[in-house]
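Each remark here refers to the structure printed beneath this line.
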Amino acid sequence: MPRERESSEAVRPERRRPARERILRAAARRFYQEGVTATGIDTITSEAGVAKMSLYNNFSSKADLVRAYLDDRHEDWLMRYRARVGAEPDPRDGVLGVFDTYVDGADAPPTGGFRGCGLLNAAAEMPAGHEGRAQVRRQKEEVERMIAEHVTALLPGRPDAARTTARQIAFLLEGAMVRAGLEGDSRCLRDARAMAERLLDQA
């Protein structure tokens, strides 16, 4: 009896969340663990505890929900990055903090385990030319610009070296993230961070 009461109490806070938030949270869990294509609307509404009409009152279509998921995931990463490095980080810390933020995510994954970058995973399911792929590309380009700005600050007066180093670090990061997702842990990301540190030392 106490166990049943405890279980129902654990559900109530989730039930009190706005329907849009519950839907987005449920979609995020399912999209990340099972994939966008494999996750149906019925699965999401059942997990969120809402009627299908409620989903369509908040999102015009599954595609709209996927766009919101991608934006929400990217914004969550940016928020965690800023919380880790601060508002005006030292440029070197700003670059390495990108790796550290990904390591944090790999070391504390959602229920079901670490599967790599949710943005890349979703984009991999979409055909060439799909608007979702363009959305993910823009999000990845934003992270690359952040890296480039920090590297430029580290190498004043050397724009060519800064551009090359930033590009190398960005590619190193994404490659490591893919491998980390396959292996299910942060080891590749930690190795990539050490390589990025050496690149900065040699630049």
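Chain labels A, B, ... are given in the sequence in which chains occur in the structure tokens; within each chain residues are numbered consecutively from 1, and ligands are likewise numbered from 1 in the order shown.
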Applying 12 Å and only C-alpha atoms, which residues near Glu21 of chain A remain after dropping the ones on its own chain fewer than 6 positions away? List them as a PyMOL selection string.
chain A and resi 14-15+27-28+44-45+48-50+54-55+58-59+65+68-69+72
Residues near Val178 of chain A, cut-off 12 Å, only C-alpha atoms, skip fewer than 5 positions along chain, as a ChimeraX atom specification
/A:102,106,114-121,124,171-173,183-189,192
Would you write out those residues with C-alpha atoms, as an mmCIF file, in the first residue's frame?
data_model
loop_
_atom_site.group_PDB
_atom_site.id
_atom_site.type_symbol
_atom_site.label_atom_id
_atom_site.label_comp_id
_atom_site.auth_asym_id
_atom_site.auth_seq_id
_atom_site.Cartn_x
_atom_site.Cartn_y
_atom_site.Cartn_z
ATOM 1 C CA TYR A 102 29.763 16.567 -24.315
ATOM 2 C CA ALA A 106 27.997 10.962 -22.008
ATOM 3 C CA PHE A 114 24.307 7.026 -24.105
ATOM 4 C CA ARG A 115 23.747 6.838 -27.871
ATOM 5 C CA GLY A 116 25.856 9.759 -29.023
ATOM 6 C CA CYS A 117 24.637 13.073 -30.397
ATOM 7 C CA GLY A 118 20.858 13.203 -30.585
ATOM 8 C CA LEU A 119 21.035 15.809 -33.347
ATOM 9 C CA LEU A 120 23.267 13.689 -35.584
ATOM 10 C CA ASN A 121 21.223 10.578 -34.832
ATOM 11 C CA ALA A 124 20.938 10.387 -40.062
ATOM 12 C CA PHE A 171 35.945 17.883 -37.049
ATOM 13 C CA LEU A 172 37.784 16.156 -34.219
ATOM 14 C CA LEU A 173 34.848 16.844 -31.925
ATOM 15 C CA GLU A 183 30.929 2.720 -27.845
ATOM 16 C CA GLY A 184 28.399 4.069 -25.362
ATOM 17 C CA ASP A 185 30.768 6.048 -23.126
ATOM 18 C CA SER A 186 32.944 9.156 -22.978
ATOM 19 C CA ARG A 187 36.391 7.655 -23.631
ATOM 20 C CA CYS A 188 36.665 8.844 -27.239
ATOM 21 C CA LEU A 189 35.557 12.320 -26.224
ATOM 22 C CA ALA A 192 39.653 13.976 -28.457
#
So that each row is one residue of segment 129-185 of chain A with an atom at most 10 Å from segment 73-77 of chain A, can you give its shortest atom pair and the distance in Å to one decimal, using only C-alpha atoms, rows by chain and rising number, as a Markdown table?
| residue | atom | partner | partner_atom | distance |
| --- | --- | --- | --- | --- |
| A:Val136 | CA | A:His74 | CA | 8.8 |
| A:Gln139 | CA | A:His74 | CA | 6.9 |
| A:Lys140 | CA | A:His74 | CA | 9.0 |
| A:Glu142 | CA | A:His74 | CA | 9.9 |
| A:Val143 | CA | A:His74 | CA | 9.7 |
Could you list, as a list of chain:residue names, every residue within 12 Å of Glu141 of chain A, counting only C-alpha atoms and ignoring same-chain residues fewer than 6 positions away?
A:His74, A:Ala134, A:Gln135, A:Ile147, A:Ala148, A:Ala166, A:Arg167, A:Ala170, A:Phe171, A:Glu174
Could you please take those selected residues and save N, CA and C atoms as a PDB file, in the first residue's frame?
ATOM      1  N   HIS A  74      19.330  21.309 -28.657  1.00  0.00           N
ATOM      2  CA  HIS A  74      20.444  22.222 -28.894  1.00  0.00           C
ATOM      3  C   HIS A  74      20.502  23.301 -27.811  1.00  0.00           C
ATOM      4  N   ALA A 134      19.001  20.418 -42.483  1.00  0.00           N
ATOM      5  CA  ALA A 134      19.476  21.807 -42.539  1.00  0.00           C
ATOM      6  C   ALA A 134      19.442  22.432 -41.149  1.00  0.00           C
ATOM      7  N   GLN A 135      18.430  22.086 -40.365  1.00  0.00           N
ATOM      8  CA  GLN A 135      18.321  22.603 -38.997  1.00  0.00           C
ATOM      9  C   GLN A 135      19.502  22.116 -38.156  1.00  0.00           C
ATOM     10  N   ILE A 147      33.688  27.756 -31.355  1.00  0.00           N
ATOM     11  CA  ILE A 147      35.076  27.279 -31.287  1.00  0.00           C
ATOM     12  C   ILE A 147      35.990  28.250 -32.037  1.00  0.00           C
ATOM     13  N   ALA A 148      35.563  28.667 -33.225  1.00  0.00           N
ATOM     14  CA  ALA A 148      36.383  29.556 -34.047  1.00  0.00           C
ATOM     15  C   ALA A 148      36.635  30.897 -33.349  1.00  0.00           C
ATOM     16  N   ALA A 166      40.631  25.837 -35.813  1.00  0.00           N
ATOM     17  CA  ALA A 166      39.233  25.721 -35.388  1.00  0.00           C
ATOM     18  C   ALA A 166      38.510  24.641 -36.175  1.00  0.00           C
ATOM     19  N   ARG A 167      38.781  24.582 -37.463  1.00  0.00           N
ATOM     20  CA  ARG A 167      38.145  23.559 -38.317  1.00  0.00           C
ATOM     21  C   ARG A 167      38.598  22.167 -37.891  1.00  0.00           C
ATOM     22  N   ALA A 170      36.837  21.258 -34.667  1.00  0.00           N
ATOM     23  CA  ALA A 170      35.415  20.973 -34.873  1.00  0.00           C
ATOM     24  C   ALA A 170      35.221  19.580 -35.470  1.00  0.00           C
ATOM     25  N   PHE A 171      36.051  19.212 -36.442  1.00  0.00           N
ATOM     26  CA  PHE A 171      35.945  17.883 -37.049  1.00  0.00           C
ATOM     27  C   PHE A 171      36.342  16.800 -36.047  1.00  0.00           C
ATOM     28  N   GLU A 174      33.316  16.236 -33.712  1.00  0.00           N
ATOM     29  CA  GLU A 174      32.191  15.492 -34.279  1.00  0.00           C
ATOM     30  C   GLU A 174      32.548  14.026 -34.530  1.00  0.00           C
TER      31      GLU A 174
END
I'd like to know which of A:Thr165, A:Ser46, A:Thr101, A:Thr37 is closest to Lys62 of chain A, using only C-alpha atoms.
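Using only C-alpha atoms, the shortest distance to Lys62 of chain A belongs to A:Thr37.
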Using only C-alpha atoms for the distances, tell me which of A:Val103, A:Ala162, A:Ala108, A:Met177 is nearest to Leu199 of chain A.
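Ranked by minimum distance to Leu199 of chain A, first place goes to A:Ala162.
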Would you mind reading off the distance between atom CA of Gly129 of chain A and atom CA of Val66 of chain A, one decimal, in Å?
15.8 Å
Proximity to Gly132 of chain A - best of A:Leu70, A:Ala176, A:Ala19, A:Ala196, only C-alpha atoms:
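Counting only C-alpha atoms, the residue closest to Gly132 of chain A is A:Leu70.
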